[in-house]
Amino acid sequence: MFTGRCLCGAVRYESPGPALFAAVCHCRDCQRASGSGGVPVLGVPRASFACSGPVKASRIRGGSGLAAVRNFCSECGSLLFGTPEAAPEMVTIYAGSLDDPACFAPAEALFASQRPPWAKLAADLLEHATLPGQ
Ligand SMILES: [Zn+2]
Ligand SMILES: [Zn+2]
């Protein structure tokens, strides 16, 4: 079971899993949205994902041409999870919002071609210049 919340606690979410993928996305959109060098994301099935509280969605056209939707707490602004239109069966939890961030074990780096040199993780990740298979 994955559980998490925003900084102020107004929004909480939970998912029974399983984890569909675990990666760090270094695309420029994720960098700007988070103010960091990349966003750690954990994919879970959308059908069993549950969320409560005041969530606001930011819709920006992603690399697929469809909207990349980033959901954040409308009270404190914490980025919480993505609901990408390109993968409607999935929710991408931003791992820093998990109650236990240590249960996140990234395996891949996405958009490594856009990663700034200071954001390379010490973990040994399978690197993709953009997305897997592209
Ligand atoms: Zn909040
Ligand atoms: Zn990204």
# chains A, B, ... in the order shown; residues from 1 in each chain; ligands from 1
$ residues_around --residues "Pro45 of chain A" --least-positions-apart "4" --cutoff "7 Å" --atoms "only C-alpha atoms" --output "ChimeraX atom specification"
/A:17,49,89-91
$ residues_near_ligand --ligand "ligand 2" --cutoff "6 Å" --atoms "only C-alpha atoms and all ligand atoms" --output "MDAnalysis selection string"
chainID A and resid 25:27 29:30
$ closest_atom_pairs --of "chain A" --to "ligand 1" --cutoff "7 Å" --atoms "only C-alpha atoms and all ligand atoms" --output "JSON lines"
{"residue": "A:Cys6", "atom": "CA", "partner": "ligand 1", "partner_atom_place_in_ligand_line": "1 (Zn)", "distance": 4.5}
{"residue": "A:Leu7", "atom": "CA", "partner": "ligand 1", "partner_atom_place_in_ligand_line": "1 (Zn)", "distance": 5.0}
{"residue": "A:Cys8", "atom": "CA", "partner": "ligand 1", "partner_atom_place_in_ligand_line": "1 (Zn)", "distance": 3.9}
{"residue": "A:Gly9", "atom": "CA", "partner": "ligand 1", "partner_atom_place_in_ligand_line": "1 (Zn)", "distance": 5.1}
{"residue": "A:Ala10", "atom": "CA", "partner": "ligand 1", "partner_atom_place_in_ligand_line": "1 (Zn)", "distance": 4.7}
{"residue": "A:Val11", "atom": "CA", "partner": "ligand 1", "partner_atom_place_in_ligand_line": "1 (Zn)", "distance": 5.7}
{"residue": "A:Cys73", "atom": "CA", "partner": "ligand 1", "partner_atom_place_in_ligand_line": "1 (Zn)", "distance": 4.6}
{"residue": "A:Ser74", "atom": "CA", "partner": "ligand 1", "partner_atom_place_in_ligand_line": "1 (Zn)", "distance": 6.6}
{"residue": "A:Glu75", "atom": "CA", "partner": "ligand 1", "partner_atom_place_in_ligand_line": "1 (Zn)", "distance": 4.9}
{"residue": "A:Cys76", "atom": "CA", "partner": "ligand 1", "partner_atom_place_in_ligand_line": "1 (Zn)", "distance": 4.1}
{"residue": "A:Gly77", "atom": "CA", "partner": "ligand 1", "partner_atom_place_in_ligand_line": "1 (Zn)", "distance": 6.2}
{"residue": "A:Ser78", "atom": "CA", "partner": "ligand 1", "partner_atom_place_in_ligand_line": "1 (Zn)", "distance": 6.0}
$ select_by_dssp --residues "chain A" --states "strand (DSSP E)" --output "PyMOL selection string"
chain A and resi 2-5+12-15+21-25+39-45+50-52+55-61+67-73+79-82+90-94+108-110+126-127
$ residues_around --residues "Ser97 of chain A" --least-positions-apart "3" --cutoff "8 Å" --atoms "only C-alpha atoms" --output "list in words"
Gly4, Arg5, Cys6, Leu7, Leu79, Leu80, Ile93, Tyr94 and Pro101 of chain A
$ write_last_selection --atoms "N, CA and C atoms" --output "PDB file, in the first residue's frame"
ATOM      1  N   GLY A   4       0.284   8.792   0.887  1.00  0.00           N
ATOM      2  CA  GLY A   4       1.042  10.026   0.882  1.00  0.00           C
ATOM      3  C   GLY A   4       0.144  11.217   1.122  1.00  0.00           C
ATOM      4  N   ARG A   5       0.767  12.387   1.235  1.00  0.00           N
ATOM      5  CA  ARG A   5       0.009  13.618   1.454  1.00  0.00           C
ATOM      6  C   ARG A   5       0.839  14.818   1.037  1.00  0.00           C
ATOM      7  N   CYS A   6       0.160  15.952   0.960  1.00  0.00           N
ATOM      8  CA  CYS A   6       0.844  17.207   0.645  1.00  0.00           C
ATOM      9  C   CYS A   6       1.484  17.772   1.909  1.00  0.00           C
ATOM     10  N   LEU A   7       2.175  18.888   1.741  1.00  0.00           N
ATOM     11  CA  LEU A   7       2.888  19.494   2.867  1.00  0.00           C
ATOM     12  C   LEU A   7       1.938  19.936   3.976  1.00  0.00           C
ATOM     13  N   LEU A  79       3.310  19.549  -5.264  1.00  0.00           N
ATOM     14  CA  LEU A  79       3.077  18.627  -6.382  1.00  0.00           C
ATOM     15  C   LEU A  79       2.866  17.236  -5.810  1.00  0.00           C
ATOM     16  N   LEU A  80       1.820  16.537  -6.264  1.00  0.00           N
ATOM     17  CA  LEU A  80       1.469  15.255  -5.650  1.00  0.00           C
ATOM     18  C   LEU A  80       1.519  14.076  -6.614  1.00  0.00           C
ATOM     19  N   ILE A  93       2.649   8.848  -9.129  1.00  0.00           N
ATOM     20  CA  ILE A  93       2.848   9.477  -7.820  1.00  0.00           C
ATOM     21  C   ILE A  93       4.238  10.093  -7.773  1.00  0.00           C
ATOM     22  N   TYR A  94       4.337  11.356  -7.317  1.00  0.00           N
ATOM     23  CA  TYR A  94       5.637  11.988  -7.135  1.00  0.00           C
ATOM     24  C   TYR A  94       6.182  11.536  -5.772  1.00  0.00           C
ATOM     25  N   PRO A 101       8.981   7.654   1.698  1.00  0.00           N
ATOM     26  CA  PRO A 101       9.673   7.796   0.399  1.00  0.00           C
ATOM     27  C   PRO A 101      10.686   6.694   0.146  1.00  0.00           C
TER      28      PRO A 101
END
$ atom_distance --atom1 "atom CA of Ala57 of chain A" --atom2 "atom CA of Glu127 of chain A"
28.7 Å
$ residues_around --residues "segment 104-107 of chain A" --least-positions-apart "3" --cutoff "7 Å" --atoms "only C-alpha atoms" --output "list of chain:residue names"
A:Ala22, A:Ala23, A:Val24, A:Ala95, A:Pro101, A:Leu125, A:Leu126
$ closest_residue --among "A:Ala112, A:Cys103, A:Ala19, A:Ala123" --to "Ser48 of chain A" --atoms "only C-alpha atoms"
A:Ala19
$ residues_around --residues "Pro88 of chain A" --least-positions-apart "3" --cutoff "12 Å" --atoms "only C-alpha atoms" --output "ChimeraX atom specification"
/A:43-47,66-69,82-85,91-92
$ residues_around --residues "Pro116 of chain A" --least-positions-apart "4" --cutoff "10 Å" --atoms "only C-alpha atoms" --output "VMD selection string"
chain A and resid 26 28 31 36 to 38 112 120
$ atom_distance --atom1 "atom CA of Phe21 of chain A" --atom2 "atom CA of Val55 of chain A"
23.6 Å
$ closest_residue --among "A:Leu20, A:Ala33, A:Ala87, A:Ala129" --to "Gln114 of chain A" --atoms "only C-alpha atoms"
A:Ala129
$ select_by_dssp --residues "segment 13-118 of chain A" --states "helix (DSSP H, G or I)" --output "PyMOL selection string"
chain A and resi 28-34+95-97+101-103+112-114+117-118
$ closest_residue --among "A:Phe111, A:Phe81, A:Trp118, A:Tyr13" --to "Ser58 of chain A" --atoms "only C-alpha atoms"
A:Phe81
$ atom_distance --atom1 "atom CA of Leu110 of chain A" --atom2 "atom CA of Pro16 of chain A"
24.6 Å
